[in-house]
Every structure is written in C-alpha cells, then in structure tokens.
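Asks: Handing you this structure, nothing more for now.
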Amino acid sequence: MATQTINTIDIGDIAVNVVRKNIKNVHLSVCPPTGNVRISAPMRMNLDTIRVFAISKLDWIKKHQQKIRSQVRETPREFLDRESHYLWGKRYLLDLVELDTLPSLELCHDRLILQVHPDTEVVKKQEIVNEFYRQQIVAAIPPLIDKWERLMGVSVTSFSVRKMKTKWGSCTPSLGTIRFNLELAKKPAECLEYVVVHELVHLLEPSHNSRFVAFMDSFLPQWRFYQAELNRLPIH
C-alpha cells in the first residue's frame with residue numbers, strides 16, 4: 001500500500017505540487033527561494049477537492065510568492081580578505097590568513113580570522129565557516145531551550161542544526177525533536193530565541209492554528225516583530 005502519492009495541478013499560471021500521504025489535515029506552503037507552492041493533503045482527499053482549496057487560497061499564495069521573490073538575497077561569498085560576513089546580526093570583516101597549518105576560524109574584535117592552506121578551495125573555506133556557525137548555534141541553543149521548557153512545561157528530547165532550504169526550524173512533536181537552520185547564526189540572537197519559542201510551542205500545538213497563535217502571543221508577545229525581521233533580512 002502506497003504511503004504517499006505526488007501530483008501537480010495548475011491554478012492559472014501557478015503550478016502546485018500536491019503530496020497526498022497519511023496525515024489528517026491539509027498543509028499549504030510557499031517555499032523559498034522561488035516561491036514554489038506545495039500542498040500536503042490526506043490520502044482520502046481527491047485532486048478536485050484539493051484544487052478548490054488551492055483556488056480559495058490564491059490571493060494568499062500570490063502575496064507570499066511576492067514577499068519571497070522580493071526578499072533581499074545575500075551575494076555569493078568568495079571568502080576573500082576583507083569580505084563581509086555576519087554573526088548574530090553583526091557585520092565582521094574576514095581576515096584571510098594563508099599558512100601551511102591546520103585550518104581554523106576565530107572571532108577577534110570586529111574580525112573573523114580564517115586561517116587556511118594557500119591552496120584551499122572556496123568550497124572547503126565554506127565548510128570551515130559553516131562549522132564555525134554550527135558551533136555558535138549549538139552553544140547558544142541549550143540555555144534557551146532550558147529557559148522555555150520551564151516556562152512552557154514541555155520537554156525537548158534532542159535538537160540538531162543543519163542547512164535548511166525553506167524553514168528556519170522544524171519540530172517533530174511526537175518525538176520531541178527540533179531542527180534549526182544553520183543560517184540563524186547570521187541573524188540577531190533575538191531571532192534565534194523566537195525560533196526556539198516557535199518550535200517549542202509546537203510541542204503544545206502541532207498546527208499553526210488559532211491555539212498556536214494564542215500560545216505565541218502569551219509566551220512571546222513581540223513574536224511577530226521577530227518573524228518580520230527574519231523575513232526582512234537577506235537570505236542565503
């Protein structure tokens with residue numbers, strides 16, 4: 001027995017990817033960086049019903065596509081001397097030091113000092129910087145989780161940090177696990193805390209419904225500001 005089926009339906013000039021699987025509710029997403037539209041729906045729901053649902057959300061889809069497509073993008077990094085990089089929302093200049101020694105990346109005042117072998121390729125420099133970002137997030141998250149676990153009365157079993165194309169974070173409520181986007185290390189620390197709160201609230205309410213919004217308003221009244229800040233800042 002199939003666990004999911006995949007189809008594409010056209011709503012005017014918009015192609016909608018439809019994934020039917022063993023879930024209870026319909027989920028609509030407009031995904032960065034191009035604004036692709038995806039609907040996850042229960043297996044029992046036929047394509048005609050899904051099409052009607054998509055048409056009813058057409059204004060919402062177009063609005064979010066416009067927002068995603070107009071968002072500022074980061075210019076590709078080449079990891080050259082005096083190139084700009086960001087950590088917790090603050091701009092740092094890169095000091096590139098080429099020595100025949102082990103690679104490293106250190107924060108020193110307003111500089112990020114990247115030490116690499118003279119023949120190091122860009123992709124390897126990117127890996128070193130990404131590992132630095134990962135370490136920064138891994139160190140910052142546990143105190144935040146501990147704080148909000150106590151305030152919310154929930155429990156996280158584990159968390160991970162990874163590259164994510166369409167989300168700042170995700171949660172599997174049944175397992176108590178949370179995943180965070182590596183790019184959060186570049187954004188203000190307040191935005192990381194917002195994502196922590198957002199994902200922990202999913203342990204109380206898995207959906208983005210009115211109950212979820214009520215929890216967010218209760219625990220972090222300024223959450224909409226941080227959400228808007230993440231949407232405003234340049235993305236990778």
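Quick note on naming: the chains in the structure tokens go A, B, ... in the order shown, residues restart at 1 in each chain, and ligands are numbered from 1 in order of appearance.
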Using DSSP on the backbone coordinates, identify all residues within chain A classified as strand (DSSP E); present the result as an mmCIF file with C-alpha atoms, in the first residue's frame.
Replies:
```
data_model
loop_
_atom_site.group_PDB
_atom_site.id
_atom_site.type_symbol
_atom_site.label_atom_id
_atom_site.label_comp_id
_atom_site.auth_asym_id
_atom_site.auth_seq_id
_atom_site.Cartn_x
_atom_site.Cartn_y
_atom_site.Cartn_z
ATOM 1 C CA GLN A 4 2.095 8.826 -0.474
ATOM 2 C CA THR A 5 1.243 9.994 -3.989
ATOM 3 C CA ILE A 6 2.641 13.018 -5.809
ATOM 4 C CA ASN A 7 0.815 15.095 -8.418
ATOM 5 C CA THR A 8 0.954 18.555 -9.957
ATOM 6 C CA ILE A 9 -2.097 20.731 -10.545
ATOM 7 C CA ASP A 10 -2.213 24.088 -12.340
ATOM 8 C CA ILE A 11 -4.103 27.028 -10.849
ATOM 9 C CA ILE A 14 0.774 28.671 -10.860
ATOM 10 C CA ALA A 15 1.936 25.041 -10.637
ATOM 11 C CA VAL A 16 1.064 23.411 -7.326
ATOM 12 C CA ASN A 17 2.934 20.314 -6.150
ATOM 13 C CA VAL A 18 0.499 18.038 -4.310
ATOM 14 C CA VAL A 19 1.677 15.321 -1.947
ATOM 15 C CA ARG A 20 -1.012 13.041 -0.532
ATOM 16 C CA LYS A 21 0.074 10.993 2.450
ATOM 17 C CA HIS A 27 -0.933 21.989 4.773
ATOM 18 C CA LEU A 28 -0.151 24.762 2.266
ATOM 19 C CA SER A 29 3.397 26.088 1.825
ATOM 20 C CA VAL A 30 5.034 28.688 -0.406
ATOM 21 C CA CYS A 31 8.708 27.768 -0.422
ATOM 22 C CA ASN A 36 7.152 27.109 -5.316
ATOM 23 C CA VAL A 37 3.749 26.050 -3.980
ATOM 24 C CA ARG A 38 3.275 22.764 -2.147
ATOM 25 C CA ILE A 39 0.161 21.211 -0.641
ATOM 26 C CA SER A 40 0.328 18.211 1.677
ATOM 27 C CA ALA A 41 -3.063 16.539 1.943
ATOM 28 C CA PRO A 42 -4.618 13.376 3.403
ATOM 29 C CA SER A 84 31.815 40.988 4.887
ATOM 30 C CA HIS A 85 30.339 38.157 6.966
ATOM 31 C CA TYR A 86 27.699 38.194 9.686
ATOM 32 C CA LEU A 87 27.400 36.646 13.139
ATOM 33 C CA LYS A 90 26.638 41.994 13.396
ATOM 34 C CA ARG A 91 28.915 42.611 10.409
ATOM 35 C CA TYR A 92 32.505 41.343 10.559
ATOM 36 C CA LEU A 93 35.347 41.646 8.064
ATOM 37 C CA LEU A 94 37.160 38.480 7.070
ATOM 38 C CA ASP A 95 40.914 38.296 7.638
ATOM 39 C CA LEU A 96 42.235 35.579 5.346
ATOM 40 C CA VAL A 97 45.488 34.099 6.632
ATOM 41 C CA GLU A 98 47.140 31.544 4.340
ATOM 42 C CA SER A 104 40.704 27.440 11.807
ATOM 43 C CA LEU A 105 38.264 30.310 12.212
ATOM 44 C CA GLU A 106 38.381 32.678 15.182
ATOM 45 C CA LEU A 107 36.428 35.753 16.209
ATOM 46 C CA CYS A 108 38.643 38.686 17.194
ATOM 47 C CA ARG A 111 37.215 40.500 12.525
ATOM 48 C CA LEU A 112 36.726 36.860 11.606
ATOM 49 C CA ILE A 113 40.172 35.358 11.152
ATOM 50 C CA LEU A 114 40.105 32.461 8.692
ATOM 51 C CA GLN A 115 43.353 30.519 8.607
ATOM 52 C CA VAL A 116 43.735 28.074 5.717
ATOM 53 C CA SER A 158 17.108 16.453 21.269
ATOM 54 C CA PHE A 159 17.931 19.176 18.761
ATOM 55 C CA SER A 160 20.113 19.416 15.669
ATOM 56 C CA VAL A 161 21.499 22.137 13.404
ATOM 57 C CA ARG A 162 21.548 21.732 9.632
ATOM 58 C CA GLY A 169 13.259 25.491 12.176
ATOM 59 C CA SER A 170 11.094 22.397 12.392
ATOM 60 C CA CYS A 171 9.694 20.175 15.118
ATOM 61 C CA THR A 172 8.519 16.578 15.404
ATOM 62 C CA THR A 177 12.936 16.673 18.461
ATOM 63 C CA ILE A 178 13.753 20.070 16.938
ATOM 64 C CA ARG A 179 15.903 21.139 13.998
ATOM 65 C CA PHE A 180 17.383 24.603 13.451
ATOM 66 C CA ASN A 181 18.593 26.273 10.267
#
```
Asks: Rank nothing, just name the residue among A:Cys191, A:Ile137, A:Leu151, A:Val122 nearest to Arg232 of chain A, using only C-alpha atoms.
Replies: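 With only C-alpha atoms as the atom set, the closest residue is A:Cys191.
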Asks: I'd like to know which residues of segment 61-203 of chain A are alpha helix (DSSP H) (by DSSP, run on the backbone); could you write them as a PyMOL selection string?
Replies: chain A and resi 61-70+122-152+189-201
Asks: Would you pick out the contacts of Val154 of chain A at 12 Å or less, using only C-alpha atoms, so that residues sharing its chain but fewer than 3 positions from it are not included, and give the list as a VMD selection string?
Replies: chain A and resid 145 to 151 157 173 176 to 177 197 199 to 205
Asks: Let me make sure I understand: among A:Glu183, A:Asp48, A:Leu144, A:His198, which one has the smallest atom-to-atom distance to Val213 of chain A if we use only C-alpha atoms?
Replies: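 Among the listed residues, A:His198 lies closest to Val213 of chain A.
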Asks: Could you tell me how far atom CA of Ala139 of chain A lies from atom CA of His109 of chain A, in Å and to one decimal?
Replies: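 Separating atom CA of Ala139 of chain A from atom CA of His109 of chain A is a distance of 19.2 Å.
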